[in-house]
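Student: Sharing a structure below in structure tokens format, with a few things to ask.
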Amino acid sequence: MPQPRPGSAARGIGTVLATLLSAAVTSWGAPLAAERFSVGGPNAPTPVASYTLRARLDSNTHAITGEGTIRWVNASAASTDELYFHLYLNAFKHNQTVFNRSAFTRARSGRVSQHWGHIDIRRLTARELGGADLLPHLEQHSPGDPLDATDLRVALPSPVAPGSVLTLDIAWESVLPDIIERTGFSRDFHFAGQWFPKLARLEQDGTWSHFTFHPHAEFYADFGDYDVTLDVPEAMHLGATGHRVEETVSDGRRVVQQRASGVHDFAWTAWPAFEEQHARILETDIHLLYPPGHGRNAERTLDTLRFVLPLFNSRYGPYPYADLTVVHPPRHAGAAGGMEYPTLITTGGAWHASYWSRAVELVTVHELGHQWFYGLLATNEQRWPFLDEGLNSYAESVAAEALFGAASASDLLGFSLSSEALRRASMQLEPHAAPLALPASDFVSFAELAGVVYSRTALLFTTVANVYGAAEVDAALLRYAQRYRFRHPEPEDLLLVLTEVLGEPAVKDIRAAIHQGHGVNYVARDLRSALMAEPRGMLPAAEAGVAPASAGGRFESRVDVHRQGELQFPVDILLITASGEHVWKYWNGDGRVEMVSHVGASPVVSAVVDPKGSIVIEENLLDNAVRQHPPFPVNTLDRLVYAFQLLLGVLAP
């Protein structure tokens with residue numbers, strides 16, 4: 001997903017510059033054990049939707065004409081007599097699509113196309129159904145929405161049984177819009193994302209996960225093998241998903257064949273002005289494309305990858321593909337930056353960005369993290385965006401701190417800022433704690449989605465790591481990322497792994513945040529201290545060896561700590577006495593209020609809830625501390641209130 005841009009509270013953060021290499025990773029912490037997956041090996045995904053495509057770009061009209069075959073396996077437990085296609089480019093067909101029609105939810109950039117784009121299927125036949133022509137059965141608009149054509153149904157002449165194969169022969173034309181989000185053209189730069197007709201995913205129970213293309217949502221599809229041949233003008237430098245198999249140049253055209261196994265999408269870019277660098281990090285070949293004059297940004301990007309790719313390999317399982325293409329779009333095509341596709345990410349920034357900020361490094365790390373939390377897990381980004389953006393934002397924050405320390409977002413002219421602080425600012429823009437597990441289209445704005453999905457999820461997992469142990473959270477996310485690699489996990493799958501590793505008490509709060517949107521806020525109130533009185537009155541007779549204790553000039557102090565909200569994280573409370581003594585107390589979070597007491601030679605003059613800042617998901621940090629200056633004698637305030645109530649009773653009519 002387009003990464004929240006540094007410097008914009010609504011768009012969140014990315015993360016990370018680079019020092020170098022595995023030595024830094026090792027010094028940060030012992031590598032976690034991870035099983036090696038290899039595409040094509042025993043742990044590779046079973047291809048469900050595989051594409052063999054040939055496409056030609058007309059750089060003058062920005063049209064892509066294509067043809068090929070789709071080999072689809074009914075991997076569900078039920079027969080189906082229909083197919084659904086995502087035709088995402090039709091979101092840019094006119095200004096009344098779901099993507100464009102509302103000024104309040106349209107593209108994150110806020111812009112509207114000046115050059116409309118679309119995708120038209122021109123041939124669609126099914127070999128196993130007797131070569132049946134399916135084009136007449138292709139419905140012309142999204143179900144229930146006559147003005148949108150991003151989610152099209154095709155009725156089949158006969159059902160496809162579980163385990164059966166359907167081979168579709170297809171031809172189409174796509175016209176790219178000017179770049180608003182993710183895909184399109186700008187001058188002679190082209191970025192082709194969601195450029196071909198893509199089958200929706202048929203779930204195990206036989207229901208189709210199909211949806212119109214909402215501006216807050218992203219993509220969801222089956223794994224498969226891609227063999228794509230791209231024909232572009234000879235002057236174009238081309239980057240694409242997968243591994244380059246062959247490249248030829250003749251008659252003013254450049255023809256490139258790319259193959260990718262075990263992926264669920266394919267994107268590519270072409271621009272005459274790209275400069276290129278190549279590097280090898282561990283077992284991965286890096287192909288970096290960037291604009292002229294951006295050499296410093298390119299070096300920072302490679303340094304970042306040298307640090308973070310080994311780090312993510314150790315934390316979430318090895319990156320299984322042979323290639324990773326990294327694209328810096330030119331500034332006039334900036335809306336193509338900050339996006340992820342399998343084996344291809346876009347990052348970058350202004351030519352001067354790396355001289356004064358960490359923007360390039362931050363976005364690079366965020367998008368690299370999506371190779372796991374999106375690419376390898378392939379969760380339903382439309383239905384549960386927090387499983388993608390939220391977990392990836394937490395992974396990003398951890399990597400940023402490993403690389404930069406506390407000043408993980410910025411350290412400029414002596415002013416340092418952490419990623420955590422930026423996420424708290426983003427979260428605070430939204431006054432309520434919405435459930436994390438909302439569909440993307442349920443958020444009223446991208447600012448709300450950023451505050452909840454990106455920031456709140458990351459802060460929740462940071463809190464859990466602070467309270468229950470970072471090593472335990474690391475182990476849980478590694479287990480989750482490996483167990484559900486290539487398996488399209490859902491929220492309950494994540495919660496199952498967290499329960500196995502962290503236990504139910506921790507997961508109770510995580511579950512409440514995910515499904516109910518509960519929050520937490522601790523408030524320190526009513527700090528009081530009083531000199532204890534000497535024992536007197538009708539005390540019982542002392543037993544042998546037992547006598548009333550002498551107060552001896554000692555003080556009794558008490559502060560009331562209230563818990564607002566439904567989350568019940570345990571919390572530390574620091575009491576500071578007039579003599580400077582630090583007294584630590586602990587509350588397990590049960591109940592609505594904890595009366596924290598202390599008896600000592602000096603009165604408590606201040607109390608701070610969560611002084612180490614562990615509960616970063618807390619709603620308001622300004623009410624976590626209370627001071628007593630000077631302390632009232634015991635019950636003085638209560639007596640004043642009581643006297644005032646008596647006075648009101650006398651004066652009342």
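Please note that chains go A, B, ... in the order of the structure tokens, that every chain numbers its residues from 1, and that ligands are numbered from 1 in the order shown.
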Could you name the residues that touch range 318-331 of chain A at 9 Å or less, counting only C-alpha atoms, but leaving out those on the same chain fewer than 3 positions away, as a PyMOL selection string?

Tutor: chain A and resi 34-39+189+191+239-243+260-262+269+274+283-292+294+297-298+301+309-310+312-315+334-337+342-351+364+371-372+376

Student: Within 10 Å of Ala513 in chain A, counting only C-alpha atoms, which residues show up once you throw out same-chain ones fewer than 2 positions away? Write them as a list in words, please.

Tutor: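 In the requested form, the answer reads Ala433, Ala434, Pro435, Leu436, Ala437, Arg456, Thr457, Leu460, Val507, Lys508, Asp509, Ile510, Arg511, His515, Gln516, Gly517, His518, Gly519, Val520, Glu566 and Leu567 of chain A.
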
Student: Keeping only N, CA, C and O atoms, write those residues as a CSV table (one decimal), in the first residue's frame.

Tutor:
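Written file, again.csv:
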```
chain,number,residue,atom,x,y,z
A,433,ALA,N,-11.4,4.8,19.4
A,433,ALA,CA,-10.7,3.6,19.2
A,433,ALA,C,-11.5,2.6,18.3
A,433,ALA,O,-12.3,1.8,18.9
A,434,ALA,N,-11.4,2.7,17.0
A,434,ALA,CA,-12.1,1.9,16.1
A,434,ALA,C,-11.5,0.5,16.1
A,434,ALA,O,-10.3,0.3,16.4
A,435,PRO,N,-12.3,-0.6,15.9
A,435,PRO,CA,-11.7,-1.9,15.8
A,435,PRO,C,-10.7,-2.0,14.7
A,435,PRO,O,-10.8,-1.3,13.6
A,436,LEU,N,-9.6,-2.7,14.9
A,436,LEU,CA,-8.6,-2.8,13.9
A,436,LEU,C,-9.1,-3.6,12.7
A,436,LEU,O,-8.6,-3.4,11.6
A,437,ALA,N,-10.0,-4.6,12.9
A,437,ALA,CA,-10.4,-5.5,11.9
A,437,ALA,C,-11.5,-5.0,11.1
A,437,ALA,O,-12.4,-5.8,10.7
A,456,ARG,N,-2.3,2.6,15.0
A,456,ARG,CA,-2.8,1.9,16.3
A,456,ARG,C,-2.4,0.5,16.3
A,456,ARG,O,-2.1,0.0,17.4
A,457,THR,N,-2.4,-0.3,15.2
A,457,THR,CA,-1.9,-1.6,15.2
A,457,THR,C,-0.5,-1.7,15.6
A,457,THR,O,-0.1,-2.6,16.5
A,460,LEU,N,-0.2,-1.0,19.3
A,460,LEU,CA,-0.7,-2.2,20.1
A,460,LEU,C,0.4,-3.2,20.2
A,460,LEU,O,0.6,-3.7,21.4
A,507,VAL,N,-3.4,-12.1,25.0
A,507,VAL,CA,-4.2,-12.1,23.8
A,507,VAL,C,-5.6,-11.6,24.0
A,507,VAL,O,-6.3,-11.1,23.1
A,508,LYS,N,-6.1,-11.6,25.3
A,508,LYS,CA,-7.4,-11.0,25.6
A,508,LYS,C,-7.5,-9.6,25.2
A,508,LYS,O,-8.4,-9.1,24.6
A,509,ASP,N,-6.4,-8.8,25.5
A,509,ASP,CA,-6.4,-7.4,25.1
A,509,ASP,C,-6.2,-7.2,23.6
A,509,ASP,O,-6.8,-6.3,23.0
A,510,ILE,N,-5.4,-8.0,23.0
A,510,ILE,CA,-5.2,-7.9,21.6
A,510,ILE,C,-6.5,-8.2,20.8
A,510,ILE,O,-6.9,-7.5,19.9
A,511,ARG,N,-7.2,-9.2,21.3
A,511,ARG,CA,-8.5,-9.6,20.7
A,511,ARG,C,-9.5,-8.4,20.8
A,511,ARG,O,-10.2,-8.1,19.9
A,515,HIS,N,-11.1,-6.7,17.5
A,515,HIS,CA,-12.5,-6.9,17.2
A,515,HIS,C,-13.5,-5.9,17.8
A,515,HIS,O,-14.5,-5.6,17.2
A,516,GLN,N,-13.2,-5.3,18.9
A,516,GLN,CA,-14.1,-4.3,19.6
A,516,GLN,C,-13.6,-2.9,19.5
A,516,GLN,O,-14.3,-2.0,19.8
A,517,GLY,N,-12.3,-2.7,19.2
A,517,GLY,CA,-11.8,-1.4,19.1
A,517,GLY,C,-11.5,-0.8,20.5
A,517,GLY,O,-11.5,0.4,20.6
A,518,HIS,N,-11.4,-1.6,21.5
A,518,HIS,CA,-11.2,-1.1,22.9
A,518,HIS,C,-9.9,-0.4,23.0
A,518,HIS,O,-8.9,-0.7,22.3
A,519,GLY,N,-9.8,0.6,23.9
A,519,GLY,CA,-8.6,1.3,24.2
A,519,GLY,C,-8.3,1.3,25.7
A,519,GLY,O,-9.0,0.6,26.4
A,520,VAL,N,-7.3,2.1,26.1
A,520,VAL,CA,-7.0,2.2,27.5
A,520,VAL,C,-6.4,3.6,27.8
A,520,VAL,O,-5.8,4.2,26.9
A,566,GLU,N,-11.4,-0.5,28.0
A,566,GLU,CA,-11.5,-1.9,28.3
A,566,GLU,C,-10.3,-2.7,28.3
A,566,GLU,O,-10.2,-3.9,28.8
A,567,LEU,N,-9.2,-2.2,27.7
A,567,LEU,CA,-7.9,-3.0,27.8
A,567,LEU,C,-7.4,-2.9,29.2
A,567,LEU,O,-7.5,-1.9,29.9
```

Student: How many Å lie between CA of Trp172 in chain A and CA of Gly66 in chain A, rounded to one decimal?

Tutor: 5.4 Å

Student: Would you please extract all strand (DSSP E or B) residues from range 458-531 of chain A, as assigned by DSSP on the backbone, and give them as a list in words?

Tutor: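 Those residues are Asn521, Tyr522, Val523, Ala524, Arg525, Asp526, Leu527, Arg528, Ser529, Ala530 and Leu531 of chain A.
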
Student: Would you please work out which residue, of A:Gly206, A:Pro197, A:Gly317, A:Gly130, is nearest to Ala75 in chain A when using only C-alpha atoms?

Tutor: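 Among the listed residues, the smallest separation from Ala75 in chain A belongs to A:Gly206.
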
Student: For Tyr522 in chain A, which residue among A:Leu621, A:Met595, A:Leu438, A:Leu362 is the nearest when counting only C-alpha atoms?

Tutor: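 Under the stated criterion, the closest residue is A:Leu621.
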
Student: So that I can check the surroundings of Leu498 in chain A, please list as a list in words every protein, DNA and RNA residue that reaches within 8 Å of it, counting only C-alpha atoms and ignoring chain neighbours fewer than 2 positions away.

Tutor: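 Here the answer would be Val473, Ala476, Leu477, Leu494, Leu495, Leu496, Glu500, Val501, Leu502, Gly503 and Val507 of chain A.
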
Student: Dump N, CA, C and O atoms for the selected residues as a PDB file, in the first residue's frame?

Tutor:
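Saved file out.pdb follows:
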```pdb
ATOM      1  N   VAL A 473       7.043 -11.634  21.431  1.00  0.00           N
ATOM      2  CA  VAL A 473       6.340 -11.124  20.255  1.00  0.00           C
ATOM      3  C   VAL A 473       7.112 -11.477  18.987  1.00  0.00           C
ATOM      4  O   VAL A 473       6.525 -11.861  17.969  1.00  0.00           O
ATOM      5  N   ALA A 476       6.408 -15.041  18.163  1.00  0.00           N
ATOM      6  CA  ALA A 476       5.047 -15.238  17.662  1.00  0.00           C
ATOM      7  C   ALA A 476       4.923 -14.803  16.205  1.00  0.00           C
ATOM      8  O   ALA A 476       4.313 -15.501  15.380  1.00  0.00           O
ATOM      9  N   LEU A 477       5.492 -13.655  15.859  1.00  0.00           N
ATOM     10  CA  LEU A 477       5.373 -13.178  14.482  1.00  0.00           C
ATOM     11  C   LEU A 477       6.181 -14.042  13.525  1.00  0.00           C
ATOM     12  O   LEU A 477       5.778 -14.239  12.369  1.00  0.00           O
ATOM     13  N   LEU A 494      -3.853 -15.339  13.230  1.00  0.00           N
ATOM     14  CA  LEU A 494      -2.883 -14.553  13.990  1.00  0.00           C
ATOM     15  C   LEU A 494      -3.105 -14.710  15.487  1.00  0.00           C
ATOM     16  O   LEU A 494      -2.155 -14.926  16.259  1.00  0.00           O
ATOM     17  N   LEU A 495      -4.357 -14.637  15.922  1.00  0.00           N
ATOM     18  CA  LEU A 495      -4.656 -14.750  17.349  1.00  0.00           C
ATOM     19  C   LEU A 495      -4.303 -16.136  17.892  1.00  0.00           C
ATOM     20  O   LEU A 495      -3.863 -16.269  19.042  1.00  0.00           O
ATOM     21  N   LEU A 496      -4.475 -17.163  17.081  1.00  0.00           N
ATOM     22  CA  LEU A 496      -4.115 -18.514  17.509  1.00  0.00           C
ATOM     23  C   LEU A 496      -2.623 -18.601  17.821  1.00  0.00           C
ATOM     24  O   LEU A 496      -2.220 -19.130  18.869  1.00  0.00           O
ATOM     25  N   GLU A 500      -0.653 -19.187  21.474  1.00  0.00           N
ATOM     26  CA  GLU A 500       0.322 -20.256  21.695  1.00  0.00           C
ATOM     27  C   GLU A 500       1.597 -19.728  22.346  1.00  0.00           C
ATOM     28  O   GLU A 500       2.181 -20.384  23.204  1.00  0.00           O
ATOM     29  N   VAL A 501       2.016 -18.532  21.936  1.00  0.00           N
ATOM     30  CA  VAL A 501       3.303 -18.018  22.399  1.00  0.00           C
ATOM     31  C   VAL A 501       3.156 -17.123  23.623  1.00  0.00           C
ATOM     32  O   VAL A 501       3.922 -17.230  24.580  1.00  0.00           O
ATOM     33  N   LEU A 502       2.167 -16.233  23.613  1.00  0.00           N
ATOM     34  CA  LEU A 502       2.041 -15.230  24.675  1.00  0.00           C
ATOM     35  C   LEU A 502       1.085 -15.636  25.782  1.00  0.00           C
ATOM     36  O   LEU A 502       1.175 -15.114  26.894  1.00  0.00           O
ATOM     37  N   GLY A 503       0.145 -16.525  25.472  1.00  0.00           N
ATOM     38  CA  GLY A 503      -0.850 -16.907  26.467  1.00  0.00           C
ATOM     39  C   GLY A 503      -2.101 -16.056  26.380  1.00  0.00           C
ATOM     40  O   GLY A 503      -2.113 -14.967  25.805  1.00  0.00           O
ATOM     41  N   VAL A 507      -3.425 -12.071  24.989  1.00  0.00           N
ATOM     42  CA  VAL A 507      -4.234 -12.104  23.776  1.00  0.00           C
ATOM     43  C   VAL A 507      -5.636 -11.560  24.032  1.00  0.00           C
ATOM     44  O   VAL A 507      -6.293 -11.065  23.112  1.00  0.00           O
TER      45      VAL A 507
END
```

Student: Using only C-alpha atoms, which residues sit within 7 Å of Tyr51 in chain A once same-chain residues fewer than 5 positions away are excluded, as a PyMOL selection string?

Tutor: chain A and resi 69-71+225-227

Student: Between CA of Arg127 in chain A and CA of His141 in chain A, what is the distance, to one decimal in Å?

Tutor: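 Separation between CA of Arg127 in chain A and CA of His141 in chain A: 25.0 Å.
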
Student: Would you mind reading off the distance between CA of Ser142 in chain A and CA of Thr212 in chain A, one decimal, in Å?

Tutor: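 Taking CA of Ser142 in chain A and CA of Thr212 in chain A, their separation equals 6.6 Å.
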
Student: Please report, as a list in words, each residue of range 82-140 of chain A to which DSSP assigns helix (DSSP H, G or I) when run on this structure's backbone.

Tutor: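 These are the residues in question: Tyr88, Leu89, Asn90, Ala91, Phe92, Arg127, Glu128, Leu129, Leu135, Pro136 and His137 of chain A.
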
Student: I'd like the neighbourhood of Thr207 in chain A as a ChimeraX atom specification, where a residue qualifies if any of its atoms comes within 12 Å (using only C-alpha atoms), though same-chain residues fewer than 2 positions away should be ignored.

Tutor: /A:74-84,200-205,209-210

Student: Take the residues from that selection and write them out as an mmCIF file, in the first residue's frame, keeping N, CA and C atoms.

Tutor:
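The resulting file, selection-v5.cif, is shown below:
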```
data_model
loop_
_atom_site.group_PDB
_atom_site.id
_atom_site.type_symbol
_atom_site.label_atom_id
_atom_site.label_comp_id
_atom_site.auth_asym_id
_atom_site.auth_seq_id
_atom_site.Cartn_x
_atom_site.Cartn_y
_atom_site.Cartn_z
ATOM 1 N N ASN A 74 -9.749 -24.899 -9.587
ATOM 2 C CA ASN A 74 -10.745 -24.740 -8.527
ATOM 3 C C ASN A 74 -10.209 -25.425 -7.274
ATOM 4 N N ALA A 75 -9.563 -24.637 -6.405
ATOM 5 C CA ALA A 75 -8.950 -25.186 -5.193
ATOM 6 C C ALA A 75 -9.903 -25.202 -4.013
ATOM 7 N N SER A 76 -11.169 -24.882 -4.248
ATOM 8 C CA SER A 76 -12.153 -24.854 -3.165
ATOM 9 C C SER A 76 -12.787 -26.229 -2.998
ATOM 10 N N ALA A 77 -13.697 -26.323 -2.040
ATOM 11 C CA ALA A 77 -14.399 -27.583 -1.774
ATOM 12 C C ALA A 77 -15.752 -27.637 -2.462
ATOM 13 N N ALA A 78 -16.047 -26.683 -3.349
ATOM 14 C CA ALA A 78 -17.362 -26.620 -3.975
ATOM 15 C C ALA A 78 -17.227 -26.335 -5.460
ATOM 16 N N SER A 79 -18.190 -26.790 -6.225
ATOM 17 C CA SER A 79 -18.249 -26.454 -7.643
ATOM 18 C C SER A 79 -18.656 -24.996 -7.800
ATOM 19 N N THR A 80 -18.288 -24.419 -8.932
ATOM 20 C CA THR A 80 -18.698 -23.038 -9.205
ATOM 21 C C THR A 80 -19.153 -22.930 -10.650
ATOM 22 N N ASP A 81 -20.177 -22.139 -10.860
ATOM 23 C CA ASP A 81 -20.675 -21.899 -12.220
ATOM 24 C C ASP A 81 -20.488 -20.437 -12.624
ATOM 25 N N GLU A 82 -19.520 -19.786 -11.994
ATOM 26 C CA GLU A 82 -19.244 -18.391 -12.312
ATOM 27 C C GLU A 82 -17.788 -18.071 -12.013
ATOM 28 N N LEU A 83 -17.312 -17.001 -12.610
ATOM 29 C CA LEU A 83 -16.002 -16.438 -12.322
ATOM 30 C C LEU A 83 -16.182 -14.970 -12.010
ATOM 31 N N TYR A 84 -15.238 -14.403 -11.267
ATOM 32 C CA TYR A 84 -15.206 -12.958 -11.054
ATOM 33 C C TYR A 84 -13.828 -12.435 -11.454
ATOM 34 N N ALA A 200 -10.519 -13.034 -9.407
ATOM 35 C CA ALA A 200 -10.718 -12.941 -7.965
ATOM 36 C C ALA A 200 -10.382 -14.291 -7.333
ATOM 37 N N ARG A 201 -10.342 -14.314 -6.015
ATOM 38 C CA ARG A 201 -10.000 -15.559 -5.301
ATOM 39 C C ARG A 201 -11.271 -16.274 -4.856
ATOM 40 N N LEU A 202 -11.350 -17.562 -5.175
ATOM 41 C CA LEU A 202 -12.421 -18.425 -4.697
ATOM 42 C C LEU A 202 -11.968 -19.052 -3.385
ATOM 43 N N GLU A 203 -12.694 -18.746 -2.301
ATOM 44 C CA GLU A 203 -12.307 -19.240 -0.987
ATOM 45 C C GLU A 203 -12.604 -20.738 -0.858
ATOM 46 N N GLN A 204 -12.080 -21.334 0.207
ATOM 47 C CA GLN A 204 -12.200 -22.775 0.393
ATOM 48 C C GLN A 204 -13.653 -23.231 0.456
ATOM 49 N N ASP A 205 -14.533 -22.371 0.988
ATOM 50 C CA ASP A 205 -15.942 -22.757 1.121
ATOM 51 C C ASP A 205 -16.745 -22.538 -0.152
ATOM 52 N N SER A 209 -14.261 -14.060 -3.194
ATOM 53 C CA SER A 209 -13.874 -12.792 -2.550
ATOM 54 C C SER A 209 -13.708 -11.752 -3.656
ATOM 55 N N HIS A 210 -14.795 -11.123 -3.993
ATOM 56 C CA HIS A 210 -14.768 -10.115 -5.055
ATOM 57 C C HIS A 210 -15.298 -8.814 -4.480
#
```

Student: Which is closest to Ile64 in chain A among A:Val608, A:Ala533, A:Met236, A:Ala171, if we use only C-alpha atoms?

Tutor: A:Ala171

Student: Go through A:Gly565, A:Pro489, A:Pro146, A:Pro215 and flag the residue nearest Phe104 in chain A, using only C-alpha atoms for the distances.

Tutor: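 Of the candidates, the smallest distance to Phe104 in chain A is held by A:Pro215.
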
Student: Pick from A:Val523, A:Ala132, A:Val245, A:Ala578: nearest to Glu619 in chain A, with only C-alpha atoms counted?

Tutor: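 Among the listed residues, A:Val523 lies closest to Glu619 in chain A.
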